[in-house]
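Engineer: Mind having a look at this structure? Questions to follow.
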Amino acid sequence: MNRAPNRLSKLRARLAEVEETLRAICTGEVDTVLVPGKQGPQVFTLKGAEHAYRVLIESMNEGALTLTTNGLVLYANQCFARMVKRPLEQVLGSSFHDLLSAADQAALRPLLKRTAKSGSKIQALLHGGGGAQVPAHLSIRPLARNGAKSATFGIVVTDMTEARRNEEMLRTLTHRVVQAQEAERRLVALELHDNITQHLCAIAARWAALANKLPVREKASRGEVMKLSEMLGQTVEEVQRIARNLRPSVLDEMGLVPALRATCTEFAQRTGVSLKLACKPLTARLPAEAELALYRILQKALENVGKHARARHVRVHLTKQGDMVQLTIKDDGIGFDPDQPPARRKKKRDFGLLRMRERATYVGGALIVKSAPRAGTEIVARIPLPPDATAVT
Ligand SMILES: Nc1ncnc2c1ncn2[C@@H]1O[C@H](COP(=O)(O)OP(=O)(O)OP(=O)(O)O)[C@@H](O)[C@H]1O
Ligand SMILES: [Mg+2]
C-alpha cells in the first residue's frame with residue numbers, strides 16, 4: 001500500500017533528471033548523449049557538438065556571418081550586430097547588401113558567385129543603424145555544406161575604424177614632418193644664399209685684388225692665387241646649386257614648368273645624361289603644395305637615375321590626363337624589380353621611392369613605379385587638379 005508514494009517520488013526524480021538533460025541539450029551544454037543498450041551504451045552526438053565553436057565565434061572580436069549566394073544573412077554573431085548597430089534579430093534573415101554602397105555591392109556580388117575554393121578579401125564601408133559608417137575588411141570563404149544544393153559563404157568582418165584612424169594620424173604626422181622639413185630647408189637655403197655666398201663672394205673679390213697687387217715677377221705666386229680665386233668661384237657656384245636644390249626660388253617666383261626645366265638642365269649638365277623635357281604650358285598655377293610635390297618627385301627621381309640607373313637617355317613629361325596632372329620620368333637604364341624589398345645596406349635605408357609616394361599621396365595623388373631588370377624605369381606621379389583649374393592645356 002505504501003509503495004505508491006515511493007514510486008511517485010522516484011518518477012518525480014527521473015522527470016527532474018530528464019528535464020535537466022533537456023535543458024542542458026537546449027543550452028548547448030551537452031554535446032553527446034550515452035543511452036544504455038543491449039550491446040553496451042550507444043553514443044549520440046548532438047548538433048550542439050558545435051557548441052565549442054559557437055562559443056568561440058560569439059566571443060570573437062570580429063564579426064562572423066554566413067550568407068547565401070544572394071547575400072541573405074543566415075547567421076551572424078553578436079559582435080557583427082554591435083558593429084553595425086542593429087539588433088541581432090534584425091540582422092538575421094536580412095540582406096547583407098543593404099549594408100553596402102552600390103559600389104561595394106558590385107564588388108561583393110561576383111565574390112559570392114564564385115565557385116573557386118579559395119577565399120577573397122575586400123575592403124568595404126558598412127552602413128549601420130543610426131547613420132553609422134564602419135570601414136571594414138571582409139574575408140570571404142565558401143563553406144562546404146555536405147550535399148546542400150545552394151552554397152553558403154562565411155565572412156569574417158574586421159572593424160577597421162581604429163586602423164584607419166591610426167593611418168590618418170600617421171599621414172597627418174608625416175605631412176607635418178615634411179612641412180617642417182620644407183620650412184627648415186627654406187631657412188638653410190636663405191642662410192646659404194645671404195651669408196655664405198656673400199662671404200665667399202667678398203673673399204673672392206679681395207683675393208683677386210691681392211693677386212693684382214703681386215709684382216709681375218712673382219709669376220708662380222700670381223698663378224697660385226689666380227687658381228685659388230677660380231676655386232673660390234666654383235665653390236660659390238656649388239653653394240648656390242645646393243641652395244637652389246634646398247628651395248628653388250624659381251618655383252616660388254616663376255612656377256612649376258620653369259623650375260622643372262632648371263632642374264632638368266642642371267641634371268643633364270652635371271651628369272652628361274641626355275635628357276628630353278616635354279612640358280605642356282600651364283595656364284594657371286597649381287596649388288603650392290602640388291607644385292612642390294611634383295618638383296620634389298622630379299628631383300628624387302633624377303637623383304635615382306644618376307645614382308642607380310646607368311641610363312643614356314631620360315625623358316621627362318608633364319601632361320594633363322583628364323582632371324589629373326601627370327609627371328613622368330622615364331629612363332633607359334638597368335631597371336630593378338619594384339616588388340623586391342630593397343636590400344638593406346649597412347648605413348643606409350632606401351627612402352627615396354617611399355618619400356616620393358608620400359609626397360604624391362598627401363596632395364591627393366598617387367605614384368606608380370614601373371620597372372624591371374634591364375628594362376629601364378618609369379616613375380609616374382598623378383596629382384588631381386583643383387576643380388576650377390584647367391591648369392595644363
Ligand atoms: N631609376 C632607377 N634605375 C635603377 N634602379 C633604381 C632606380 N630608381 C630606384 N632604383 C632602385 O630602387 C632602390 C630604392 O630607391 P630609393 O630611391 O627608394 O632609395 P635609394 O636611392 O637607394 O636611397 P635614398 O633615395 O634614400 O637616398 C634603389 O636602391 C635602386 O636599387
Ligand atoms: Mg633614391
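Numbering starts fresh at 1 for the residues of each chain in the C-alpha cells, the chains themselves are lettered A, B, ... in the order given, and ligands are numbered from 1 as they appear.
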What residues of the protein or nucleic acid chains come within 10 Å of ligand 2 when you use only C-alpha atoms and all ligand atoms? Reply as a PyMOL selection string.
Structural biologist: chain A and resi 299-308+349-356
Engineer: Could you save those same residues with all heavy atoms as a tab-separated table (two decimals), in the first residue's frame?
Structural biologist:
```tsv
chain	number	residue	atom	x	y	z
A	299	GLN	N	63.06	65.78	-58.59
A	299	GLN	CA	64.40	65.82	-58.00
A	299	GLN	C	64.84	64.43	-57.55
A	299	GLN	O	65.93	63.98	-57.89
A	299	GLN	CB	64.37	66.72	-56.76
A	299	GLN	CG	64.90	68.10	-56.98
A	299	GLN	CD	65.00	68.85	-55.64
A	299	GLN	OE1	64.27	68.59	-54.69
A	299	GLN	NE2	65.89	69.80	-55.59
A	300	LYS	N	63.97	63.74	-56.81
A	300	LYS	CA	64.31	62.43	-56.26
A	300	LYS	C	64.46	61.39	-57.37
A	300	LYS	O	65.33	60.53	-57.32
A	300	LYS	CB	63.22	61.97	-55.27
A	300	LYS	CG	63.36	62.56	-53.92
A	300	LYS	CD	64.25	61.69	-53.05
A	300	LYS	CE	64.89	62.46	-51.93
A	300	LYS	NZ	66.13	61.84	-51.46
A	301	ALA	N	63.57	61.49	-58.38
A	301	ALA	CA	63.64	60.52	-59.48
A	301	ALA	C	64.94	60.69	-60.26
A	301	ALA	O	65.61	59.71	-60.60
A	301	ALA	CB	62.44	60.69	-60.40
A	302	LEU	N	65.33	61.96	-60.51
A	302	LEU	CA	66.58	62.20	-61.24
A	302	LEU	C	67.78	61.80	-60.39
A	302	LEU	O	68.78	61.30	-60.91
A	302	LEU	CB	66.68	63.67	-61.66
A	302	LEU	CG	65.73	64.10	-62.78
A	302	LEU	CD1	65.95	65.57	-63.13
A	302	LEU	CD2	65.89	63.24	-64.03
A	303	GLU	N	67.67	62.00	-59.09
A	303	GLU	CA	68.74	61.56	-58.18
A	303	GLU	C	68.95	60.05	-58.34
A	303	GLU	O	70.07	59.57	-58.43
A	303	GLU	CB	68.33	61.91	-56.75
A	303	GLU	CG	69.40	61.69	-55.70
A	303	GLU	CD	68.83	61.94	-54.31
A	303	GLU	OE1	68.39	63.08	-54.05
A	303	GLU	OE2	68.80	61.00	-53.50
A	304	ASN	N	67.84	59.30	-58.41
A	304	ASN	CA	67.93	57.85	-58.60
A	304	ASN	C	68.52	57.49	-59.95
A	304	ASN	O	69.29	56.54	-60.04
A	304	ASN	CB	66.54	57.21	-58.46
A	304	ASN	CG	66.17	56.99	-57.00
A	304	ASN	OD1	67.01	57.18	-56.11
A	304	ASN	ND2	64.94	56.59	-56.75
A	305	VAL	N	68.13	58.24	-60.99
A	305	VAL	CA	68.69	57.95	-62.31
A	305	VAL	C	70.21	58.11	-62.24
A	305	VAL	O	70.97	57.24	-62.70
A	305	VAL	CB	68.10	58.90	-63.39
A	305	VAL	CG1	68.77	58.67	-64.74
A	305	VAL	CG2	66.59	58.69	-63.51
A	306	GLY	N	70.65	59.22	-61.63
A	306	GLY	CA	72.09	59.48	-61.54
A	306	GLY	C	72.80	58.42	-60.70
A	306	GLY	O	73.92	58.03	-61.01
A	307	LYS	N	72.15	57.96	-59.64
A	307	LYS	CA	72.81	57.05	-58.69
A	307	LYS	C	72.76	55.59	-59.13
A	307	LYS	O	73.72	54.85	-58.94
A	307	LYS	CB	72.07	57.17	-57.34
A	307	LYS	CG	72.99	57.56	-56.20
A	307	LYS	CD	72.22	58.04	-54.99
A	307	LYS	CE	71.48	56.97	-54.26
A	307	LYS	NZ	70.87	57.46	-53.00
A	308	HIS	N	71.61	55.18	-59.70
A	308	HIS	CA	71.43	53.73	-59.90
A	308	HIS	C	71.28	53.28	-61.35
A	308	HIS	O	71.59	52.14	-61.66
A	308	HIS	CB	70.15	53.25	-59.17
A	308	HIS	CG	70.04	53.68	-57.75
A	308	HIS	ND1	70.88	53.23	-56.77
A	308	HIS	CD2	69.18	54.53	-57.14
A	308	HIS	CE1	70.54	53.76	-55.61
A	308	HIS	NE2	69.51	54.57	-55.81
A	349	ARG	N	69.19	53.37	-45.55
A	349	ARG	CA	67.94	52.70	-45.88
A	349	ARG	C	67.34	53.42	-47.07
A	349	ARG	O	67.59	54.60	-47.28
A	349	ARG	CB	67.00	52.73	-44.69
A	349	ARG	CG	67.27	51.59	-43.76
A	349	ARG	CD	66.57	51.75	-42.47
A	349	ARG	NE	67.05	52.91	-41.76
A	349	ARG	CZ	66.47	53.37	-40.67
A	349	ARG	NH1	65.39	52.82	-40.23
A	349	ARG	NH2	66.97	54.41	-40.04
A	350	ASP	N	66.56	52.69	-47.86
A	350	ASP	CA	66.05	53.29	-49.09
A	350	ASP	C	64.73	53.99	-48.81
A	350	ASP	O	63.72	53.35	-48.60
A	350	ASP	CB	65.84	52.18	-50.14
A	350	ASP	CG	67.07	51.33	-50.25
A	350	ASP	OD1	68.06	51.83	-50.76
A	350	ASP	OD2	67.01	50.16	-49.81
A	351	PHE	N	64.77	55.30	-48.83
A	351	PHE	CA	63.58	56.07	-48.51
A	351	PHE	C	63.07	56.87	-49.69
A	351	PHE	O	61.99	57.43	-49.64
A	351	PHE	CB	63.87	57.04	-47.35
A	351	PHE	CG	63.88	56.38	-46.01
A	351	PHE	CD1	64.86	56.67	-45.09
A	351	PHE	CD2	62.90	55.47	-45.68
A	351	PHE	CE1	64.87	56.05	-43.85
A	351	PHE	CE2	62.88	54.85	-44.45
A	351	PHE	CZ	63.88	55.14	-43.53
A	352	GLY	N	63.90	56.98	-50.74
A	352	GLY	CA	63.57	57.86	-51.85
A	352	GLY	C	62.20	57.59	-52.46
A	352	GLY	O	61.35	58.49	-52.52
A	353	LEU	N	61.97	56.34	-52.87
A	353	LEU	CA	60.70	56.00	-53.52
A	353	LEU	C	59.53	56.19	-52.55
A	353	LEU	O	58.47	56.68	-52.93
A	353	LEU	CB	60.73	54.55	-54.03
A	353	LEU	CG	61.67	54.30	-55.22
A	353	LEU	CD1	61.79	52.82	-55.52
A	353	LEU	CD2	61.17	55.03	-56.46
A	354	LEU	N	59.77	55.80	-51.30
A	354	LEU	CA	58.74	55.94	-50.27
A	354	LEU	C	58.34	57.41	-50.10
A	354	LEU	O	57.16	57.76	-50.05
A	354	LEU	CB	59.31	55.39	-48.96
A	354	LEU	CG	58.32	55.12	-47.85
A	354	LEU	CD1	57.50	53.89	-48.19
A	354	LEU	CD2	59.04	54.93	-46.54
A	355	ARG	N	59.33	58.26	-50.06
A	355	ARG	CA	59.06	59.69	-49.87
A	355	ARG	C	58.35	60.27	-51.08
A	355	ARG	O	57.47	61.13	-50.95
A	355	ARG	CB	60.35	60.45	-49.60
A	355	ARG	CG	60.87	60.17	-48.22
A	355	ARG	CD	62.21	60.77	-48.06
A	355	ARG	NE	62.26	61.60	-46.89
A	355	ARG	CZ	63.23	62.47	-46.64
A	355	ARG	NH1	64.19	62.64	-47.50
A	355	ARG	NH2	63.21	63.17	-45.54
A	356	MET	N	58.74	59.80	-52.27
A	356	MET	CA	58.06	60.27	-53.47
A	356	MET	C	56.59	59.89	-53.42
A	356	MET	O	55.70	60.67	-53.73
A	356	MET	CB	58.71	59.64	-54.72
A	356	MET	CG	60.05	60.25	-55.06
A	356	MET	SD	61.12	59.11	-55.95
A	356	MET	CE	60.44	59.16	-57.54
```
Engineer: Just the helix (DSSP H, G or I) stuff from region 19-260 of chain A, please, per backbone DSSP, written as a PyMOL selection string.
Structural biologist: chain A and resi 19-26+47-59+78-83+88-91+96-99+102-113+129-131+161-213+219-246+249-254+256-260
Engineer: Between CA of Met324 (chain A) and CA of Arg285 (chain A), what is the spacing in Å?
Structural biologist: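 We find that CA of Arg285 (chain A) and CA of Met324 (chain A) lie 13.8 Å from each other.
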Engineer: Enter the distance from CA of Gly131 (chain A) to CA of Leu111 (chain A), in Å, rounded to one decimal.
Structural biologist: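 So the answer is 26.3 Å.
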Engineer: Of the candidates A:Ala52, A:Ile379, A:Ala107, A:Leu251, which one gets nearest to ligand 1 if we count only C-alpha atoms and all ligand atoms?
Structural biologist: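 That would be A:Ile379, the residue with the smallest distance to ligand 1.
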Engineer: Mind checking DSSP for region 189-390 of chain A and telling me the strand (DSSP E or B) residues as an NGL selection string?
Structural biologist: :A and (274-279 or 282 or 313-321 or 324-331 or 366-371 or 377-384)
Engineer: Would you put the residues from that selection into a file with C-alpha atoms, as a PDB file, in the first residue's frame?
Structural biologist:
```
ATOM      1  CA  SER A 274      70.858  63.211 -72.378  1.00  0.00           C
ATOM      2  CA  LEU A 275      67.501  64.481 -71.133  1.00  0.00           C
ATOM      3  CA  LYS A 276      64.415  65.465 -73.111  1.00  0.00           C
ATOM      4  CA  LEU A 277      61.778  67.524 -71.375  1.00  0.00           C
ATOM      5  CA  ALA A 278      58.278  67.983 -72.775  1.00  0.00           C
ATOM      6  CA  CYS A 279      56.001  70.234 -70.741  1.00  0.00           C
ATOM      7  CA  LEU A 282      50.421  75.805 -67.741  1.00  0.00           C
ATOM      8  CA  HIS A 313      68.572  58.867 -72.069  1.00  0.00           C
ATOM      9  CA  VAL A 314      65.907  60.270 -69.806  1.00  0.00           C
ATOM     10  CA  ARG A 315      62.512  61.647 -70.812  1.00  0.00           C
ATOM     11  CA  VAL A 316      60.504  63.925 -68.561  1.00  0.00           C
ATOM     12  CA  HIS A 317      56.878  64.670 -69.477  1.00  0.00           C
ATOM     13  CA  LEU A 318      54.349  66.937 -67.857  1.00  0.00           C
ATOM     14  CA  THR A 319      50.879  66.356 -69.256  1.00  0.00           C
ATOM     15  CA  LYS A 320      47.235  66.674 -68.364  1.00  0.00           C
ATOM     16  CA  GLN A 321      45.162  63.487 -68.246  1.00  0.00           C
ATOM     17  CA  MET A 324      44.881  64.996 -63.363  1.00  0.00           C
ATOM     18  CA  VAL A 325      48.270  66.486 -63.992  1.00  0.00           C
ATOM     19  CA  GLN A 326      50.807  63.789 -64.718  1.00  0.00           C
ATOM     20  CA  LEU A 327      54.584  63.893 -64.416  1.00  0.00           C
ATOM     21  CA  THR A 328      56.509  61.012 -65.993  1.00  0.00           C
ATOM     22  CA  ILE A 329      60.236  60.385 -65.628  1.00  0.00           C
ATOM     23  CA  LYS A 330      61.424  57.550 -67.836  1.00  0.00           C
ATOM     24  CA  ASP A 331      64.972  56.247 -68.199  1.00  0.00           C
ATOM     25  CA  ALA A 366      49.411  58.611 -56.489  1.00  0.00           C
ATOM     26  CA  LEU A 367      52.796  57.389 -57.629  1.00  0.00           C
ATOM     27  CA  ILE A 368      53.291  54.445 -59.955  1.00  0.00           C
ATOM     28  CA  VAL A 369      56.689  52.792 -60.346  1.00  0.00           C
ATOM     29  CA  LYS A 370      57.139  50.695 -63.490  1.00  0.00           C
ATOM     30  CA  SER A 371      60.470  48.954 -63.745  1.00  0.00           C
ATOM     31  CA  THR A 377      62.394  52.655 -65.074  1.00  0.00           C
ATOM     32  CA  GLU A 378      59.314  54.810 -65.385  1.00  0.00           C
ATOM     33  CA  ILE A 379      58.013  56.891 -62.490  1.00  0.00           C
ATOM     34  CA  VAL A 380      54.535  58.333 -62.944  1.00  0.00           C
ATOM     35  CA  ALA A 381      53.127  60.870 -60.495  1.00  0.00           C
ATOM     36  CA  ARG A 382      49.444  61.709 -60.912  1.00  0.00           C
ATOM     37  CA  ILE A 383      48.030  64.621 -58.961  1.00  0.00           C
ATOM     38  CA  PRO A 384      44.442  65.906 -59.155  1.00  0.00           C
TER      39      PRO A 384
END
```
Engineer: Under the rule that only C-alpha atoms and all ligand atoms are counted, which of A:Thr271, A:Asn166, A:Gln340, A:Gln78 is the nearest residue to ligand 1?
Structural biologist: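 Closest to ligand 1 of all the choices is A:Gln340.
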Engineer: Interatomic distance between CA of Leu108 (chain A) and CA of Ala124 (chain A)?
Structural biologist: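 Result for CA of Leu108 (chain A) versus CA of Ala124 (chain A): 9.0 Å, one decimal.
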